[in-house]
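Raw model-v5.cif, mmCIF, C-alpha atoms:
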data_start
loop_
_atom_site.label_atom_id
_atom_site.label_comp_id
_atom_site.auth_asym_id
_atom_site.auth_seq_id
_atom_site.Cartn_x
_atom_site.Cartn_y
_atom_site.Cartn_z
CA MET A 1 0.00 0.00 0.00
CA LEU A 2 3.06 2.26 -0.14
CA ASP A 3 6.24 2.45 -2.19
CA LEU A 4 9.33 3.22 -0.12
CA TYR A 5 11.61 2.57 -3.07
CA ARG A 6 10.05 5.34 -5.16
CA GLN A 7 10.16 7.66 -2.17
CA ARG A 8 13.87 6.98 -1.59
CA LYS A 9 14.65 7.64 -5.26
CA TYR A 10 12.76 10.94 -5.08
CA LEU A 11 14.76 11.98 -2.01
CA ASP A 12 17.85 11.71 -4.21
CA GLY A 13 20.46 10.47 -1.76
CA ARG A 14 19.29 12.44 1.27
CA VAL A 15 18.53 9.30 3.30
CA GLU A 16 21.87 7.74 2.49
CA ALA A 17 23.72 10.95 3.34
CA MET A 18 22.03 11.20 6.73
CA ILE A 19 22.78 7.54 7.50
CA GLU A 20 26.43 8.07 6.52
CA GLU A 21 26.61 11.06 8.88
CA VAL A 22 25.52 8.85 11.78
CA LEU A 23 27.91 6.08 10.80
CA THR A 24 30.71 8.64 10.80
CA HIS A 25 30.09 10.10 14.26
CA SER A 26 28.87 6.70 15.63
CA HIS A 27 26.62 8.16 18.34
CA PHE A 28 23.90 5.59 17.70
CA VAL A 29 22.11 6.34 20.98
CA GLY A 30 21.51 9.98 21.87
CA GLY A 31 23.08 11.47 18.74
CA LYS A 32 22.45 15.07 17.69
CA GLN A 33 19.97 14.01 14.99
CA ILE A 34 17.44 13.21 17.73
CA GLU A 35 17.54 16.74 19.08
CA ASP A 36 17.43 18.12 15.52
CA PHE A 37 14.38 16.04 14.69
CA GLU A 38 12.61 17.03 17.91
CA ALA A 39 13.27 20.67 17.03
CA TRP A 40 11.73 20.12 13.58
CA LEU A 41 8.67 18.47 15.15
CA LYS A 42 8.13 21.48 17.40
CA GLU A 43 8.49 23.94 14.53
CA TYR A 44 6.20 21.98 12.20
CA THR A 45 3.41 21.33 14.71
CA GLY A 46 3.54 24.39 16.93
CA PHE A 47 3.81 22.31 20.10
CA SER A 48 6.17 23.62 22.76
CA PHE A 49 7.85 20.26 23.40
CA ALA A 50 8.58 17.10 21.40
CA VAL A 51 10.11 13.95 22.90
CA GLY A 52 11.33 11.28 20.50
CA VAL A 53 10.68 7.69 21.61
CA SER A 54 11.09 4.16 20.32
CA SER A 55 7.59 3.56 18.91
CA GLY A 56 4.06 4.86 18.79
CA THR A 57 3.03 2.19 21.29
CA ASP A 58 5.71 3.30 23.75
CA ALA A 59 4.58 6.89 23.25
CA LEU A 60 1.06 5.91 24.30
CA ILE A 61 2.09 3.94 27.36
CA MET A 62 4.48 6.70 28.48
CA ALA A 63 1.79 9.38 28.16
CA LEU A 64 -0.50 7.46 30.52
CA MET A 65 2.33 6.32 32.81
CA ALA A 66 3.35 9.93 33.40
CA ASP A 67 -0.11 10.66 34.79
CA GLY A 68 -0.25 7.57 36.95
CA ILE A 69 -3.08 5.88 35.05
CA GLY A 70 -3.43 2.36 36.45
CA GLN A 71 -5.42 -0.10 38.54
CA GLY A 72 -9.08 0.86 38.95
CA ASP A 73 -9.00 3.64 36.34
CA ALA A 74 -11.32 3.68 33.33
CA VAL A 75 -9.92 4.88 30.00
CA PHE A 76 -12.42 5.56 27.20
CA LEU A 77 -11.25 4.69 23.69
CA PRO A 78 -12.73 3.76 20.29
CA SER A 79 -13.25 0.11 19.42
CA PHE A 80 -12.69 0.69 15.71
CA THR A 81 -8.93 1.24 15.73
CA TYR A 82 -5.59 -0.55 15.96
CA VAL A 83 -4.89 -2.82 18.91
CA ALA A 84 -2.14 -0.69 20.49
CA THR A 85 -4.68 1.87 21.73
CA ALA A 86 -6.34 -0.68 24.03
CA GLU A 87 -3.25 -2.78 24.68
CA ILE A 88 -1.38 -0.11 26.60
CA VAL A 89 -4.34 0.56 28.88
CA LEU A 90 -4.39 -3.05 29.98
CA LEU A 91 -0.60 -3.19 30.35
CA LEU A 92 -0.94 -0.40 32.91
CA GLY A 93 -3.63 -2.32 34.79
CA ALA A 94 -6.41 0.10 33.85
CA GLN A 95 -9.78 -0.74 32.33
CA PRO A 96 -10.50 0.06 28.66
CA ILE A 97 -14.04 1.25 28.02
CA PHE A 98 -14.80 0.68 24.36
CA VAL A 99 -16.72 3.44 22.59
CA ASP A 100 -18.49 3.27 19.24
CA VAL A 101 -17.55 5.50 16.30
CA ASP A 102 -19.30 7.82 13.88
CA SER A 103 -20.63 6.09 10.76
CA GLN A 104 -19.59 8.94 8.45
CA ASN A 105 -16.01 9.74 9.47
CA TYR A 106 -15.14 6.67 11.62
CA GLN A 107 -13.92 8.86 14.50
CA MET A 108 -14.97 8.36 18.14
CA SER A 109 -18.67 9.09 18.62
CA VAL A 110 -19.03 11.91 21.15
CA GLU A 111 -22.61 10.84 21.84
CA ASP A 112 -21.64 7.27 22.66
CA LEU A 113 -18.62 8.50 24.64
CA GLU A 114 -20.78 10.58 26.95
CA GLU A 115 -23.21 7.71 27.38
CA LYS A 116 -20.36 5.34 28.32
CA ILE A 117 -19.00 7.85 30.85
CA LYS A 118 -22.42 8.09 32.52
CA VAL A 119 -22.71 4.30 32.71
CA VAL A 120 -19.26 3.89 34.30
CA LYS A 121 -19.99 6.61 36.85
CA LYS A 122 -23.35 5.02 37.71
CA GLU A 123 -21.90 1.50 38.09
CA ASN A 124 -19.05 2.86 40.25
CA ARG A 125 -16.74 -0.11 39.57
CA PHE A 126 -14.03 2.01 37.95
CA ILE A 127 -12.94 5.62 38.27
CA PRO A 128 -13.32 7.54 34.99
CA LYS A 129 -9.85 8.99 34.39
CA ALA A 130 -9.10 9.56 30.73
CA ILE A 131 -10.25 9.76 27.14
CA LEU A 132 -7.82 8.27 24.63
CA ALA A 133 -9.11 9.45 21.25
CA VAL A 134 -7.66 8.38 17.90
CA ASP A 135 -7.09 10.43 14.75
CA LEU A 136 -8.08 7.54 12.52
CA PHE A 137 -6.89 7.00 8.92
CA GLY A 138 -5.15 10.37 8.74
CA GLN A 139 -8.18 12.42 9.83
CA PRO A 140 -8.58 14.50 13.01
CA ALA A 141 -11.01 13.45 15.71
CA PRO A 142 -13.70 15.96 16.85
CA TRP A 143 -11.40 17.69 19.31
CA SER A 144 -13.63 20.59 20.35
CA GLU A 145 -16.40 18.23 21.44
CA LEU A 146 -13.95 15.82 23.07
CA SER A 147 -12.34 18.69 24.98
CA LYS A 148 -15.72 19.86 26.27
CA ILE A 149 -16.59 16.36 27.48
CA SER A 150 -13.19 15.92 29.15
CA CYS A 151 -13.67 19.20 31.01
CA LYS A 152 -17.26 18.40 31.94
CA TYR A 153 -16.29 15.10 33.57
CA ASP A 154 -12.78 16.10 34.70
CA LEU A 155 -11.03 13.56 32.48
CA LYS A 156 -7.53 13.73 31.03
CA LEU A 157 -7.57 13.89 27.23
CA TYR A 158 -4.95 12.18 25.06
CA ASP A 159 -4.53 11.98 21.28
CA ASP A 160 -3.36 8.78 19.61
CA SER A 161 -2.28 10.37 16.33
CA ALA A 162 -0.17 7.43 15.18
CA GLN A 163 -1.86 7.40 11.76
CA SER A 164 -2.30 11.12 11.30
CA PHE A 165 0.84 13.19 11.77
CA GLY A 166 0.32 16.34 9.70
CA ALA A 167 -3.47 16.42 10.08
CA GLN A 168 -5.02 19.68 11.22
CA TYR A 169 -8.06 20.67 13.24
CA LYS A 170 -9.32 24.24 13.08
CA GLY A 171 -6.04 25.40 11.56
CA GLN A 172 -3.81 23.84 14.23
CA ALA A 173 -2.01 20.53 14.51
CA SER A 174 -4.49 17.82 15.41
CA GLY A 175 -4.31 17.04 19.11
CA LYS A 176 -3.50 20.59 20.21
CA LEU A 177 -6.45 20.42 22.60
CA ALA A 178 -5.16 17.20 24.15
CA ARG A 179 -2.87 16.88 27.16
CA ALA A 180 -0.42 14.87 25.05
CA THR A 181 -0.37 13.80 21.42
CA THR A 182 1.42 10.59 20.50
CA LEU A 183 2.95 9.82 17.11
CA SER A 184 4.18 6.73 15.32
CA PHE A 185 6.90 6.69 12.67
CA PHE A 186 6.36 3.10 11.59
CA PRO A 187 7.27 2.91 7.87
CA ALA A 188 3.62 2.96 6.71
CA LYS A 189 2.75 6.18 8.55
CA PRO A 190 2.58 9.62 6.88
CA LEU A 191 6.13 10.27 8.11
CA GLY A 192 7.81 6.90 8.39
CA ALA A 193 11.20 5.67 9.54
CA TYR A 194 12.95 2.50 8.34
CA GLY A 195 11.85 0.69 11.47
CA ASP A 196 9.98 1.71 14.61
CA GLY A 197 9.93 5.19 16.07
CA GLY A 198 7.57 7.57 17.81
CA ALA A 199 7.20 10.85 19.67
CA ILE A 200 5.11 12.63 22.26
CA LEU A 201 4.04 16.24 21.71
CA THR A 202 2.87 18.49 24.53
CA ASP A 203 2.73 22.11 25.64
CA ASP A 204 3.38 21.19 29.28
CA PHE A 205 7.00 21.60 30.41
CA HIS A 206 6.68 19.29 33.42
CA LEU A 207 5.10 16.52 31.33
CA ALA A 208 7.87 16.81 28.74
CA GLU A 209 10.48 16.42 31.49
CA LYS A 210 8.59 13.38 32.80
CA TYR A 211 8.53 11.80 29.32
CA ARG A 212 12.27 12.34 28.91
CA SER A 213 12.86 10.63 32.24
CA ILE A 214 10.56 7.68 31.52
CA ARG A 215 12.07 7.01 28.08
CA SER A 216 15.51 6.51 29.68
CA HIS A 217 14.77 4.15 32.58
CA GLY A 218 13.43 6.96 34.78
CA CYS A 219 16.71 8.86 34.89
CA GLY A 220 16.99 12.22 36.64
CA LYS A 221 20.10 14.41 36.51
CA ASP A 222 22.25 11.50 35.31
CA ALA A 223 22.06 7.83 34.34
CA TYR A 224 22.35 6.66 37.95
CA ASP A 225 19.86 9.08 39.46
CA ILE A 226 16.57 7.19 39.06
CA VAL A 227 13.59 9.41 39.83
CA ASP A 228 10.79 7.56 37.99
CA VAL A 229 9.82 4.04 37.06
CA GLY A 230 10.79 4.07 33.41
CA LEU A 231 11.34 2.20 30.19
CA ASN A 232 14.04 1.72 27.61
CA ALA A 233 12.12 3.71 25.01
CA ARG A 234 14.56 6.04 23.28
CA LEU A 235 14.35 6.96 19.62
CA ASP A 236 17.63 5.79 18.12
CA THR A 237 19.86 8.12 16.14
CA LEU A 238 19.68 6.27 12.83
CA GLN A 239 15.87 6.44 12.75
CA ALA A 240 15.95 10.13 13.70
CA ALA A 241 18.39 10.76 10.85
CA ILE A 242 16.17 8.94 8.35
CA LEU A 243 13.15 10.90 9.54
CA LEU A 244 15.08 14.17 9.17
CA ALA A 245 15.86 13.26 5.57
CA LYS A 246 12.19 12.55 4.90
CA THR A 247 11.06 15.91 6.23
CA HIS A 248 12.31 17.29 2.91
CA SER A 249 9.35 15.78 1.04
CA PHE A 250 6.80 15.45 3.82
CA GLU A 251 4.56 18.42 3.05
CA GLU A 252 4.71 17.70 -0.69
CA GLU A 253 3.61 14.12 -0.02
CA CYS A 254 0.66 15.35 2.04
CA VAL A 255 -0.43 17.55 -0.87
CA LYS A 256 -0.10 14.66 -3.33
CA ARG A 257 -2.20 12.33 -1.18
CA ARG A 258 -4.93 14.97 -0.94
CA LYS A 259 -4.91 15.26 -4.74
CA ASN A 260 -5.21 11.47 -5.00
CA VAL A 261 -8.20 11.61 -2.65
CA SER A 262 -9.84 14.25 -4.86
CA PHE A 263 -9.31 12.03 -7.90
CA TYR A 264 -10.91 9.01 -6.23
CA ASN A 265 -13.77 11.08 -4.88
CA GLU A 266 -14.55 12.40 -8.35
CA PHE A 267 -14.15 9.28 -10.44
CA LEU A 268 -14.94 6.21 -8.35
CA PRO A 269 -18.34 4.65 -9.11
CA ASP A 270 -21.12 6.03 -6.94
CA ILE A 271 -21.81 2.58 -5.50
CA PHE A 272 -18.71 2.99 -3.31
CA ILE A 273 -19.15 5.38 -0.37
CA ARG A 274 -16.23 7.77 -0.01
CA PRO A 275 -14.62 8.56 3.34
CA SER A 276 -15.28 11.97 4.83
CA CYS A 277 -13.35 14.40 7.00
CA LEU A 278 -14.71 16.69 9.70
CA GLU A 279 -15.77 20.13 8.48
CA ASN A 280 -13.05 21.78 10.57
CA GLY A 281 -10.46 19.13 9.76
CA LYS A 282 -7.72 18.76 7.18
CA GLY A 283 -6.56 15.19 6.69
CA VAL A 284 -3.26 13.69 5.61
CA TRP A 285 -4.98 10.55 4.30
CA SER A 286 -2.61 7.86 5.49
CA VAL A 287 -5.38 5.46 4.46
CA TYR A 288 -8.21 5.85 1.93
CA THR A 289 -11.05 3.64 3.11
CA ILE A 290 -14.24 3.24 1.12
CA LEU A 291 -17.45 1.65 2.36
CA LEU A 292 -18.95 -1.16 0.30
CA PRO A 293 -22.72 -1.54 0.00
CA GLU A 294 -24.10 -4.60 1.76
CA LYS A 295 -24.95 -6.37 -1.52
CA ILE A 296 -21.25 -6.53 -2.44
CA ASN A 297 -19.10 -9.39 -1.18
CA ARG A 298 -15.91 -7.77 0.05
CA GLU A 299 -13.73 -10.80 -0.60
CA GLU A 300 -14.92 -10.94 -4.20
CA CYS A 301 -14.07 -7.27 -4.62
CA ARG A 302 -10.64 -7.76 -3.05
CA HIS A 303 -9.95 -10.73 -5.31
CA PHE A 304 -11.01 -8.72 -8.38
CA LEU A 305 -8.58 -5.94 -7.43
CA SER A 306 -5.74 -8.35 -6.62
CA GLU A 307 -6.17 -10.18 -9.94
CA ALA A 308 -5.64 -6.81 -11.63
CA GLY A 309 -2.46 -6.26 -9.61
CA ILE A 310 -3.97 -3.62 -7.32
CA GLU A 311 -3.04 -3.73 -3.65
CA ASN A 312 -5.85 -3.40 -1.13
CA ALA A 313 -6.36 -3.97 2.58
CA VAL A 314 -8.99 -4.15 5.31
CA TYR A 315 -8.59 -1.94 8.37
CA TYR A 316 -10.09 -3.56 10.46
CA THR A 317 -11.62 -7.01 10.20
CA LYS A 318 -12.82 -7.10 13.82
CA PRO A 319 -13.43 -4.33 16.39
CA LEU A 320 -11.37 -4.41 19.56
CA HIS A 321 -14.28 -5.29 21.85
CA ARG A 322 -14.80 -8.49 19.81
CA GLN A 323 -11.14 -9.55 19.89
CA LYS A 324 -10.52 -12.73 21.89
CA ALA A 325 -7.97 -11.05 24.17
CA TYR A 326 -10.29 -8.14 25.01
CA GLU A 327 -13.81 -9.60 25.12
CA LYS A 328 -13.56 -10.26 28.86
CA PHE A 329 -12.89 -6.57 29.48
CA HIS A 330 -16.06 -5.52 27.65
CA ASN A 331 -19.58 -5.57 29.03
CA GLY A 332 -20.89 -7.61 26.10
CA LEU A 333 -23.03 -4.86 24.61
CA ALA A 334 -22.92 -4.33 20.87
CA LEU A 335 -21.12 -1.37 19.32
CA PRO A 336 -23.14 -1.50 16.10
CA VAL A 337 -21.27 1.02 13.96
CA SER A 338 -17.84 -0.46 14.72
CA GLU A 339 -19.12 -3.97 13.99
CA TRP A 340 -20.83 -2.86 10.79
CA LEU A 341 -17.76 -1.02 9.51
CA CYS A 342 -15.56 -4.06 10.04
CA ASP A 343 -17.76 -5.96 7.61
CA ARG A 344 -17.86 -3.26 4.92
CA VAL A 345 -14.62 -1.21 4.81
CA LEU A 346 -11.97 -1.58 2.10
CA SER A 347 -8.78 0.48 1.76
CA LEU A 348 -7.26 1.47 -1.59
CA PRO A 349 -3.74 2.63 -2.53
CA ILE A 350 -3.31 6.32 -1.73
CA HIS A 351 0.44 6.94 -1.32
CA ALA A 352 2.10 10.05 -2.75
CA TYR A 353 4.07 8.27 -5.47
CA LEU A 354 1.13 6.78 -7.36
CA SER A 355 1.06 7.82 -11.00
CA LEU A 356 -2.07 9.11 -12.72
CA GLU A 357 -2.12 5.89 -14.74
CA GLU A 358 -2.16 3.83 -11.54
CA LEU A 359 -5.00 5.88 -10.08
CA GLU A 360 -6.95 5.54 -13.32
CA LYS A 361 -6.43 1.78 -13.23
CA VAL A 362 -7.92 1.54 -9.73
CA VAL A 363 -10.98 3.48 -10.90
CA GLU A 364 -11.25 1.42 -14.09
CA VAL A 365 -11.07 -1.92 -12.27
CA LEU A 366 -13.60 -0.89 -9.62
CA THR A 367 -15.89 0.42 -12.38
CA GLN A 368 -15.66 -2.97 -14.07
CA PHE A 369 -16.46 -4.70 -10.80
CA ALA A 370 -19.46 -2.42 -10.17
CA GLU A 371 -20.80 -3.12 -13.67
CA LYS A 372 -20.33 -6.85 -13.13
CA GLN A 373 -22.28 -6.63 -9.87
CA ALA A 374 -25.09 -4.70 -11.55
CA LEU A 375 -25.50 -7.49 -14.12
CA SER A 376 -25.48 -10.32 -11.59
#

Here is the file; what I need is its structure written in the form of structure tokens.
Amino acid sequence: MLDLYRQRKYLDGRVEAMIEEVLTHSHFVGGKQIEDFEAWLKEYTGFSFAVGVSSGTDALIMALMADGIGQGDAVFLPSFTYVATAEIVLLLGAQPIFVDVDSQNYQMSVEDLEEKIKVVKKENRFIPKAILAVDLFGQPAPWSELSKISCKYDLKLYDDSAQSFGAQYKGQASGKLARATTLSFFPAKPLGAYGDGGAILTDDFHLAEKYRSIRSHGCGKDAYDIVDVGLNARLDTLQAAILLAKTHSFEEECVKRRKNVSFYNEFLPDIFIRPSCLENGKGVWSVYTILLPEKINREECRHFLSEAGIENAVYYTKPLHRQKAYEKFHNGLALPVSEWLCDRVLSLPIHAYLSLEELEKVVEVLTQFAEKQALS
């Protein structure tokens, strides 16, 4: 669903030059490229502080660790998302409360969120502590509404923006209204390393200091002054260098993906429902996910695309509350939109290095499939 080879060719030796620079100075842990990349993150996003870490998952767990989220605490999160969002809550001993999503934009439903908060407060088994919202598929979550709910119920608000670095909400970086925004630089993300990497963004000085401590075993003024329970969660210098090289084309790639979205939206057959973005949002479109009508068999459609040499994927085949590992942490109630989406979504190629001919082929093949379905 992406083409790292074409990207590397376009960058014209920048990646190799940055790697060579690290090989020359040999500071593979804590090299200057980490500080340089953190400085770029701050400048690009407008956050006051950026802390590079080893992965998006570690960024999430550190954000909650710093606030002492743990046993007996309830954390509200969407069920229609990647597993890491729920996984870290359980690793900290807290209770995930799965929330349904909006059927139009796939983001956390603010209506269902408030209902779930009321239920947890009424049952009084867990203490409502936090909302962990997700900027899904490169689109911003409804941050104004989420912020109002977090204030109303005195909950900490976090942004899992692993899929959506570069997205905007009301003219600012998505997650600006959150206490902390976590990023992933997994290779498939809008800004991707050549391995794992992540970061935490915040405007709170004390939180930033806490994150820096946690990422290095809880260190204080030196390596043998341990002031926090921590992790080994540093961003390594090579990945920071690669990410610095890729900043050269990042904004251009965002523009290209948006153009690809416009092409699909205009030319795909009407039978396929296009994804939407919030009115106040500006997406980076890490994933372009259409919704198939119920009369279409998704596996048949996938096979038709694959036979034509077109990559496709399903994000996600099962919501988190229905996963075997997490069912016992859910109250058993249906989350109808999340369950329905998992049966109907299909993701198409959207990366910045697709040619017009490749985009036209996707449209042509799906048009053929739609015509075949109409005749059957």

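Rounded to one decimal, atom CA of Met62 of chain A and atom CA of Ser216 of chain A lie 11.1 Å from each other.
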
Name the residues that the PyMOL selection byres ((chain A and resi 167-170) around 7) picks from the file above, as a VMD selection string, using the file's chain letters and numbers.
chain A and resid 138 to 140 164 to 166 171 to 174 280 to 284

Which is closest to Tyr82 of chain A among A:Cys151, A:Ala59, A:Leu136, A:Ala308, if we use all atoms listed in the file?
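Once distances to Tyr82 of chain A are computed over all atoms listed in the file, the minimum belongs to A:Leu136.
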
Compare A:Asn260, A:Ser213, A:Ser276, A:Ser79 by their minimum atom-to-atom distance to Ile350 of chain A, counting only C-alpha atoms, and give me the closest one.
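Using only C-alpha atoms, the shortest distance to Ile350 of chain A belongs to A:Asn260.
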
As AutoDock Vina command-line options: centre and edge lengths in Å, one decimal, of the axis-aligned box holding segment 195-202 of chain A with 8 Å per side:
--center_x 7.4 --center_y 9.6 --center_z 18.0 --size_x 25.0 --size_y 33.8 --size_z 29.1

Residue nearest Trp285 of chain A among A:Arg298, A:Arg344, A:Lys189, A:Lys210 (counting all atoms listed in the file)
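Ranked by minimum distance to Trp285 of chain A, first place goes to A:Lys189.
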
Output the residue selection produced by the PyMOL selection byres ((chain A and resi 80) around 7) on the file above, formatted as a PDB file with C-alpha atoms, in the frame of the given file.
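The new file part_18.pdb reads:
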ATOM      1  CA  PRO A  78     -12.730   3.760  20.290  1.00  0.00           C
ATOM      2  CA  SER A  79     -13.250   0.110  19.420  1.00  0.00           C
ATOM      3  CA  THR A  81      -8.930   1.240  15.730  1.00  0.00           C
ATOM      4  CA  VAL A 101     -17.550   5.500  16.300  1.00  0.00           C
ATOM      5  CA  PRO A 319     -13.430  -4.330  16.390  1.00  0.00           C
ATOM      6  CA  LEU A 320     -11.370  -4.410  19.560  1.00  0.00           C
ATOM      7  CA  SER A 338     -17.840  -0.460  14.720  1.00  0.00           C
TER       8      SER A 338
END

Pick out the closest residue to Trp40 of chain A from this set: A:Phe250, A:Phe369, A:Phe28, A:Phe126. Count all atoms listed in the file.
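Once distances to Trp40 of chain A are computed over all atoms listed in the file, the minimum belongs to A:Phe250.
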
List the residues selected by the PyMOL selection byres ((chain A and resi 249) around 12) in the file shown, writing them as a PyMOL selection string.
chain A and resi 7-12+14-15+190-192+243-248+250-256+352-353

Residue nearest Val345 of chain A among A:Phe304, A:Tyr106, A:Phe186, A:Phe205 (counting all atoms listed in the file)
A:Tyr106

Nearest-residue call for Ala193 of chain A, choices A:His27, A:Asp236, A:Thr317, A:Val227, using all atoms listed in the file:
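The answer is A:Asp236, which sits nearest to Ala193 of chain A.
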
Residues at most 12 Å from Leu64 of chain A, counting only C-alpha atoms, excluding those fewer than 5 positions away in the same chain, as a PyMOL selection string?
chain A and resi 57-59+69-70+73-75+85-86+88-94+129-132+156-160+179-182+200+207+210-211+214

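Summary of the local environment: counting all atoms listed in the file, residues at most 10 Å from Leu113 of chain A, other than itself and those fewer than 4 positions away along its chain, are Phe76, Leu77, Pro78, Ile97, Phe98, Val99, Asp100, Val101, Met108, Ser109, Ile117, Lys118, Val119, Ile131, Leu146 and Ile149 of chain A.
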
Would you list the contacts of Gln239 of chain A as a PyMOL selection string, taking every protein, DNA or RNA residue within 9 Å and counting all atoms listed in the file, but skipping same-chain residues closer than 6 positions in sequence?
chain A and resi 19+33-34+185+193-197

List the spatial neighbours of Gly56 of chain A as a PyMOL selection string - criterion: any atom at most 6 Å away, only C-alpha atoms, same-chain residues fewer than 5 positions off excluded.
chain A and resi 183-184+198

For the atom pair atom CA of Leu177 of chain A and atom CA of Ile61 of chain A, what is the interatomic distance in Å to one decimal place?
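It comes out at 19.2 Å.
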
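Separating atom CA of Pro293 of chain A from atom CA of Asp270 of chain A is a distance of 10.4 Å.
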
Start from the incomplete input, build N, CA, C and O atoms for segment 42-54 of chain A, and deliver everything as a compact mmCIF listing (two decimals), keeping the file's coordinate frame.
# COMPACT_ATOMS: atom_id res chain seq x y z
N LYS A 42 8.70 20.32 16.71
CA LYS A 42 8.13 21.48 17.40
C LYS A 42 7.79 22.59 16.41
O LYS A 42 6.71 23.20 16.47
N GLU A 43 8.71 22.87 15.51
CA GLU A 43 8.49 23.94 14.53
C GLU A 43 7.32 23.60 13.62
O GLU A 43 6.48 24.46 13.31
N TYR A 44 7.23 22.36 13.16
CA TYR A 44 6.20 21.98 12.20
C TYR A 44 4.82 21.97 12.83
O TYR A 44 3.84 22.39 12.20
N THR A 45 4.72 21.51 14.08
CA THR A 45 3.41 21.33 14.71
C THR A 45 2.96 22.51 15.56
O THR A 45 1.76 22.65 15.83
N GLY A 46 3.89 23.31 16.03
CA GLY A 46 3.54 24.39 16.93
C GLY A 46 3.43 23.98 18.39
O GLY A 46 3.07 24.80 19.24
N PHE A 47 3.75 22.72 18.70
CA PHE A 47 3.81 22.31 20.10
C PHE A 47 5.08 22.86 20.74
O PHE A 47 6.10 23.04 20.07
N SER A 48 5.02 23.07 22.05
CA SER A 48 6.17 23.62 22.76
C SER A 48 7.27 22.59 22.97
O SER A 48 8.46 22.94 23.03
N PHE A 49 6.88 21.30 23.09
CA PHE A 49 7.85 20.26 23.40
C PHE A 49 7.58 19.01 22.55
O PHE A 49 6.43 18.67 22.29
N ALA A 50 8.66 18.36 22.14
CA ALA A 50 8.58 17.10 21.40
C ALA A 50 9.64 16.16 21.98
O ALA A 50 10.80 16.54 22.14
N VAL A 51 9.21 14.95 22.30
CA VAL A 51 10.11 13.95 22.90
C VAL A 51 10.11 12.71 22.01
O VAL A 51 9.09 12.02 21.90
N GLY A 52 11.22 12.44 21.35
CA GLY A 52 11.33 11.28 20.50
C GLY A 52 11.42 10.00 21.32
O GLY A 52 12.16 9.95 22.31
N VAL A 53 10.68 8.97 20.90
CA VAL A 53 10.68 7.69 21.61
C VAL A 53 10.75 6.55 20.61
O VAL A 53 10.78 6.75 19.40
N SER A 54 10.77 5.33 21.14
CA SER A 54 11.09 4.16 20.32
C SER A 54 9.97 3.65 19.43
O SER A 54 10.22 2.93 18.47
